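Worksheet: the structure to be examined is printed underneath.
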Amino acid sequence: MRTLKNIFLVSSVFLFLASCAGSKKIVYFQNIDEVDLSNSAGLYDARIMPKDILSITVFSSDPITSAPYNQTVQNTMSNNQLSTGSSMLQSYLVDNNGDINFPKLGTIHVQGLTKTECEKMILEKISPEFNELPIVTVRMSSYRVTVTGEVNRPGVFPVTSEKMSVLEALAQAGDLTLYGRRDNILLLREDATGKKSVHKLDLKDANIINSPYYYVQQNDVIYVEPNKVRANNSTIGQSTTIWFSVISILTSLTSLIVNIAR
């Protein structure tokens with residue numbers, strides 16, 4: 001009886017230590033009490049980049065004056081022999097030089113501006129035409145990020161608020177699986193010149209909150225690496241399949257030779 005109790009005690013201690021070690025591999029922000037968050041102060045604003053698609057609307061009490069700035073395009077849908085049309089506001093693609101061609105204003109440079117800065121710039125250019133100050137709204141309608149690898153729901157996700165952290169992007173993808181590496185998240189980013197860069201993030205380190213890569217930018221790609229368990233399981237699974245095939249073939253050949261020998 002004493003031997004069984006000793007075995008049970010040792011087993012319990014072993015399981016407790018194993019669970020503690022396992023939790024350290026998957027828990028985020030493990031050193032949160034040691035991190036100075038004062039450096040994270042400040043609100044994030046996305047900046048316009050080439051290839052962004054902008055939706056720009058001008059509101060005023062004078063619809064005749066604002067109409068040229070709110071151009072529409074016809075969206076036609078066919079259903080058998082019937083066709084129905086609906087209008088939607090013109091969108092503007094930022095070219096490689098960071099410019100858009102806006103009604104009446106012509107070519108204007110918007111690259112590097114925040115949404116608010118772009119609204120202010122357009123407002124200053126068109127306000128002399130209005131008796132009352134109009135309202136200009138700018139939206140980045142093409143803002144999206146891609147999350148792939150060891151997550152539960154990989155995919156491409158739109159960023160409607162034009163502000164999303166790495167954690168929010170991973171949450172959109174259903175968070176990491178148990179096989180995803182928390183300490184080596186890869187962030188692939190392309191800047192305004194088209195130059196690509198790779199940045200490694202450690203979700204277990206709370207200092208990620210102070211990282212310049214904590215907030216994603218448009219067209220970022222987040223890749224979650226599989227851990228060794230997943231990689232080994234994949235290798236073992238392939239090897240096991242091959243060995244079963246070899247054994248099956250050898251068994252068949254042996255059986256055939258035995259039958260012939262008889």
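In the structure tokens, each chain is lettered A, B, ... as it comes, each chain's residues begin at 1, and ligands are numbered from 1 in order of appearance.
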All strand (DSSP E) positions in segment 23-213 of chain A, as number ranges by chain | A: 53-59, 72-79, 82-89, 91-93, 99-102, 106-109, 135-140, 144-149, 155-158, 180-190, 196-201
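Compared by their closest atoms to Thr57 of chain A, and using only C-alpha atoms, the residues A:Glu124, A:Asp33, A:Glu225, A:Glu119 rank with A:Glu119 nearest.
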Leaving out Leu176 of chain A and any residue of its chain fewer than 6 positions from it, which residues lie within 7 Å of it when counting only C-alpha atoms, given as a list of chain:residue names?
->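 These residues fall inside the cut-off: A:Glu150, A:Val151, A:Asn152.
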Excluding Tyr213 of chain A and any residue of its chain fewer than 4 positions from it, enumerate the residues within 9 Å of it, using only C-alpha atoms, and give them as an mmCIF file with N, CA and C atoms, in the first residue's frame.
```cif
data_model
loop_
_atom_site.group_PDB
_atom_site.id
_atom_site.type_symbol
_atom_site.label_atom_id
_atom_site.label_comp_id
_atom_site.auth_asym_id
_atom_site.auth_seq_id
_atom_site.Cartn_x
_atom_site.Cartn_y
_atom_site.Cartn_z
ATOM 1 N N SER A 165 -4.312 45.159 -34.192
ATOM 2 C CA SER A 165 -3.059 44.659 -33.636
ATOM 3 C C SER A 165 -2.818 43.230 -34.124
ATOM 4 N N VAL A 166 -1.610 42.759 -33.903
ATOM 5 C CA VAL A 166 -1.277 41.372 -34.262
ATOM 6 C C VAL A 166 -2.195 40.408 -33.528
ATOM 7 N N LEU A 187 6.108 38.098 -39.261
ATOM 8 C CA LEU A 187 5.324 39.167 -39.873
ATOM 9 C C LEU A 187 6.032 39.603 -41.146
ATOM 10 N N HIS A 199 9.784 40.202 -39.866
ATOM 11 C CA HIS A 199 9.994 40.541 -38.461
ATOM 12 C C HIS A 199 9.464 39.402 -37.593
ATOM 13 N N LEU A 201 8.144 37.973 -33.967
ATOM 14 C CA LEU A 201 7.467 38.452 -32.766
ATOM 15 C C LEU A 201 7.301 37.308 -31.776
ATOM 16 N N ILE A 208 6.074 42.974 -26.576
ATOM 17 C CA ILE A 208 5.504 43.092 -27.911
ATOM 18 C C ILE A 208 4.552 44.282 -27.997
ATOM 19 N N ILE A 209 3.972 44.675 -26.866
ATOM 20 C CA ILE A 209 3.059 45.821 -26.841
ATOM 21 C C ILE A 209 3.779 47.103 -27.236
ATOM 22 N N GLN A 217 -0.123 46.544 -40.720
ATOM 23 C CA GLN A 217 -0.360 47.476 -41.808
ATOM 24 C C GLN A 217 -1.088 46.742 -42.933
#
```
Can you list, as a PyMOL selection string, every residue of segment 42-194 of chain A that DSSP puts in alpha helix (DSSP H)?
-> chain A and resi 63-66+115-126+166-172
